[in-house]
Every structure is written in C-alpha cells, then in structure tokens.
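Let me begin by presenting the structure, written as structure tokens, before commenting on it.
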Amino acid sequence: MSEKKRLRDPDLREFVKEVKSKNEGNANTEANYRQAFHILGEFTEWYDHADGWRDLESVDMYDLVEYLREERNLNDTTIKQHSDNLAHFFNESDKEDLAEVLRDHKYNTESLSEKYKGEETQWVEVPEYVVIVEACETTREELIIRMLWETGVRTAELSELTLQRIDRDKDLIKVRNKKSDGVRKIPYSSEIKPVLREWLDYGGRDAYKTAQNSPYLVVTQNSEQVQPNYINTIVRRVSDRSGVGEVYGEDAAGRDLHYPTAHHFRHAYATHRAAAGMNLEILRKLMGHHSVEVTSHYVGLKEETRKIQNEQARPKTFDPNSEVLRKL
C-alpha cells in the first residue's frame, strides 16, 4: 500500500509527529513507530482483557509478546524492535510499568513449549483429534474443531469468515489474509461436509437469534461475530472434556499454558501435510505465510518421518547382487 494507514488514536498520531520532529523527518523512524502502533491496535482488538492501550496492565505485556510470536509469526529480533518503540511510548505516557516489562523481557529463540516440554513444535496428533471431535456436544463446537483441522486458519481468520466466502460447490473457503491484502483459497475434505450441512442447511446456525442479520459463519446467541479468543475457548473446553487437554507449564506472568490451542491445530495442519510430502511452497500459500522459512517453523518433525526419510536418503552400501548378507 502506498498510502499510509491512518492511526485512529489522537495520542498515537501526536506521538508519531513528535518522533518525526525530533528525528528531523527520518522516514524510517516514523514508519517504525507507526507500524508498532498499528500492531498494538491489532493486539488490543484481538485481546479480551483490554478495550484499548490505555486499559493495558503490565501483566498484559507478556501476552503482547506471545501474540507477536504466535499470531504474527515475528522473530524475537523484530519483536524486540517493536517492544523498544512501544516501551518508549509507554514511558512517555505515564505507563512506566508496561515499559519496564517490555524492556526487561528476555527475548530468545526458545519457545515456551520447548522450555517446558522439550519440543520446539507441538501439534495435534490424529488420535487426539478424533477424541476431541467425539467430545463435541454441539454442532458449533464440531464445526470450529473440524474447520481448524481441515483448513489450518488463524483464529482471527475463522472469526471473520463469512458465508459468502464458503464455496460449497468447489469445497473450499476463501480467506482474507490478515498479513496482506490478498485472498487465499483453502480446500476442505468431505469429512467436514456433514457438519456444514447441519450448521447451514438444517437449522444449526439459524437457531441463534443473531444469525439472520450476520454475514459470518460462526455466531452465538448474543454476537453476530465471535472474537478470536472465543475460538480458543471452544478448543480448550472441548479438549478438556475429551481428556486430551492439559496444562504443561506457566508463562512469565504465572498463568497456565494450555495444550491444545487453536494454534496447535495450525501446527498440525502444517506438520501432517509436510510429513505426507506436500511441497512447502504450496503449504506456504495455503497457510498465508510470506515465506517458506516461516512455514518451516510450523512443521514439527515426526519420529516416523525421520526414520523413513533417513532410510530413503542414506547411502546404500549393500548390493544384493554382489554381496552376501551377513547372518547374525
């Protein structure tokens, strides 16, 4: 986009003006702060515990950092740059406690999952998914679980998916990328068709009073559009009911870390397809990543995949036509 996206908050706009003035119109510095503020705005829209940056507390900064890692797929170097800019702003806005958390945070490449479970990537296994689906008690719960598994979409993308973007003739959904202006088409299998029919054709969705005026796929009795965190609430509720759900550690603020989340379903989408031999460039496009490198971070390495690919790639030293196999 050639045109600058306008900051809606007057305090943020004024701060950018001051930064521009102090840095003698340095366009890069101005753009960096502007980008950090847009990310802050996206976080507060996504976050259930605050309506805007003024409502944020120091403990929320840990969730901000995790949001940048998990939802925005940013590396720690980039996260620290944004955090430094936001810390500067918070410090000048009488929110020194928020600035202190961002500045003192230890940015590294080790994820919380790796720290607590010794695994760099966690994903939902097929048997776990089957048990979770069986634990669903409503059509809406099953729709959400199956849609995450079938399409690998982000929570925000599922909450914003409209009926118009579901092509049931071609068995695909059209997802507006959160990180670009494009739309990607994601196929789904026949396994999700029965729950889609029940939800859309046989009164499942229409049973909610908000459905008539809502363009969105997922609705509740009180909301025409669910928030992204609602998707994770459903995942946790059904996973706990199934026995698959677990608490595997705590974050820096002492809050429980749960498995699985919607993000673990997204990792599952990547891992199972890569293990089956899907080209990473195709997988990148399906997941809406800007590079194959980002996609590779989502792919966990299955033990059986390691063995199979090692056997396929290792140099073969035994020729059955010219040597006799040693008998043990």
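Just so we're on the same page: first chain in the structure tokens is A, next is B, and so on; residues restart at 1 for each chain, and ligands are numbered from 1 in the order they show up.
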
(request) Give the strand (DSSP E) residues of stretch 130-262 of chain A, as DSSP finds them on the backbone, and put them as an MDAnalysis selection string. (result) chainID A and resid 166:167 172:176 183:187 246:250 256:259

(request) Kindly indicate which residue among A:Asp84, A:Glu128, A:Glu71, A:Glu191 lies nearest to A:Leu143, using only C-alpha atoms for the distances. (result)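 Nearest candidate to A:Leu143 out of A:Asp84, A:Glu128, A:Glu71, A:Glu191: A:Glu191.
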
(request) Could you please determine the separation between atom CA of A:Thr261 and atom CA of A:Ser190 in Å, to one decimal place? (result)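 That distance, rounded to one decimal, is 23.9 Å.
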
(message) Given only C-alpha atoms as the basis, pick out the residue of A:Tyr208, A:Gly203, A:Leu172, A:Val235 nearest to A:Ser223.
(response)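 Distance minimum relative to A:Ser223 lands on A:Tyr208.
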
(request) Measuring atom to atom with only C-alpha atoms, identify which of A:His263, A:His105, A:Arg140, A:Arg236 is nearest to A:Val59. (result)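 Of all the options, A:His105 lies closest to A:Val59.
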
(message) Neighbouring residues of stretch 265-271 of chain A were defined as those with any atom within 8 Å, considering only C-alpha atoms; residues of the same chain fewer than 5 positions away were excluded. Please report them as a PyMOL selection string.
(response) chain A and resi 121-125+148-154+260+283+295+298-302

(message) Please report the interatomic distance between atom CA of A:Ile234 and atom CA of A:Ala156 in Å with one decimal.
(response)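 Separation of atom CA of A:Ile234 and atom CA of A:Ala156: 13.9 Å.
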
(request) Write out as a PyMOL selection string which residues come within 12 Å of A:Asp97 when counting only C-alpha atoms, dropping same-chain ones fewer than 3 positions away. (result) chain A and resi 56-61+87-94+100-104

Would you export the selected residues with N, CA and C atoms as a compact mmCIF listing (two decimals), in the first residue's frame, please?
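Wrote it out as part-v8.txt, contents follow:
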```txt
# COMPACT_ATOMS: atom_id res chain seq x y z
N LEU A 56 -4.42 -1.41 29.22
CA LEU A 56 -3.42 -2.46 29.40
C LEU A 56 -2.68 -2.31 30.73
N GLU A 57 -2.36 -3.46 31.32
CA GLU A 57 -1.58 -3.50 32.54
C GLU A 57 -0.26 -4.21 32.26
N SER A 58 0.65 -4.11 33.21
CA SER A 58 1.98 -4.67 32.98
C SER A 58 1.94 -6.16 32.66
N VAL A 59 1.04 -6.89 33.32
CA VAL A 59 0.96 -8.33 33.09
C VAL A 59 0.54 -8.64 31.66
N ASP A 60 -0.16 -7.71 31.01
CA ASP A 60 -0.62 -7.94 29.63
C ASP A 60 0.52 -7.89 28.62
N MET A 61 1.65 -7.34 29.02
CA MET A 61 2.77 -7.24 28.10
C MET A 61 3.34 -8.60 27.73
N ALA A 87 7.83 0.59 24.33
CA ALA A 87 8.30 0.94 25.67
C ALA A 87 8.60 2.43 25.78
N HIS A 88 9.17 2.98 24.74
CA HIS A 88 9.43 4.43 24.71
C HIS A 88 8.13 5.21 24.83
N PHE A 89 7.12 4.78 24.06
CA PHE A 89 5.82 5.45 24.10
C PHE A 89 5.17 5.31 25.48
N PHE A 90 5.17 4.10 26.03
CA PHE A 90 4.55 3.87 27.33
C PHE A 90 5.25 4.70 28.42
N ASN A 91 6.55 4.79 28.30
CA ASN A 91 7.31 5.55 29.29
C ASN A 91 6.92 7.03 29.26
N GLU A 92 6.66 7.54 28.07
CA GLU A 92 6.28 8.94 27.92
C GLU A 92 4.80 9.16 28.22
N SER A 93 4.05 8.08 28.39
CA SER A 93 2.59 8.17 28.60
C SER A 93 2.20 7.77 30.01
N ASP A 94 3.16 7.89 30.94
CA ASP A 94 2.92 7.56 32.35
C ASP A 94 2.49 6.11 32.56
N GLU A 100 8.67 -1.08 31.48
CA GLU A 100 9.68 -1.87 32.19
C GLU A 100 9.59 -3.35 31.82
N VAL A 101 8.37 -3.87 31.73
CA VAL A 101 8.21 -5.29 31.36
C VAL A 101 8.76 -5.55 29.96
N LEU A 102 8.44 -4.66 29.02
CA LEU A 102 8.90 -4.85 27.65
C LEU A 102 10.42 -4.75 27.54
N ARG A 103 11.01 -3.84 28.29
CA ARG A 103 12.47 -3.67 28.21
C ARG A 103 13.21 -4.80 28.91
N ASP A 104 12.64 -5.33 30.00
CA ASP A 104 13.32 -6.37 30.77
C ASP A 104 13.05 -7.78 30.27
```

(request) Mind giving me the straight-line distance from atom CA of A:Thr162 to atom CA of A:Tyr129 in Å, one decimal? (result) 25.0 Å

(message) Taking 4 positions as the minimum chain separation for residues in the same chain, which residues sit within 8 Å of stretch 33-39 of chain A when counting only C-alpha atoms? Answer as JSON, numbers by chain.
(response) {"A": [7, 12, 16, 29, 43, 82, 83, 85, 86]}

Please produce a file of those selected residues containing C-alpha atoms, as a PDB file, in the first residue's frame.
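Result saved to part36.pdb:
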```
ATOM      1  CA  LEU A   7      -3.700   5.944  13.179  1.00  0.00           C
ATOM      2  CA  LEU A  12      -0.590   7.924  18.956  1.00  0.00           C
ATOM      3  CA  VAL A  16       4.460   9.996  15.812  1.00  0.00           C
ATOM      4  CA  THR A  29      11.983   6.061  12.380  1.00  0.00           C
ATOM      5  CA  PHE A  43      -3.370  -6.704  19.672  1.00  0.00           C
ATOM      6  CA  HIS A  82       8.621  -3.145  18.252  1.00  0.00           C
ATOM      7  CA  SER A  83       8.822  -3.598  22.023  1.00  0.00           C
ATOM      8  CA  ASN A  85       9.371   1.562  20.396  1.00  0.00           C
ATOM      9  CA  LEU A  86       6.293   0.744  22.450  1.00  0.00           C
TER      10      LEU A  86
END
```
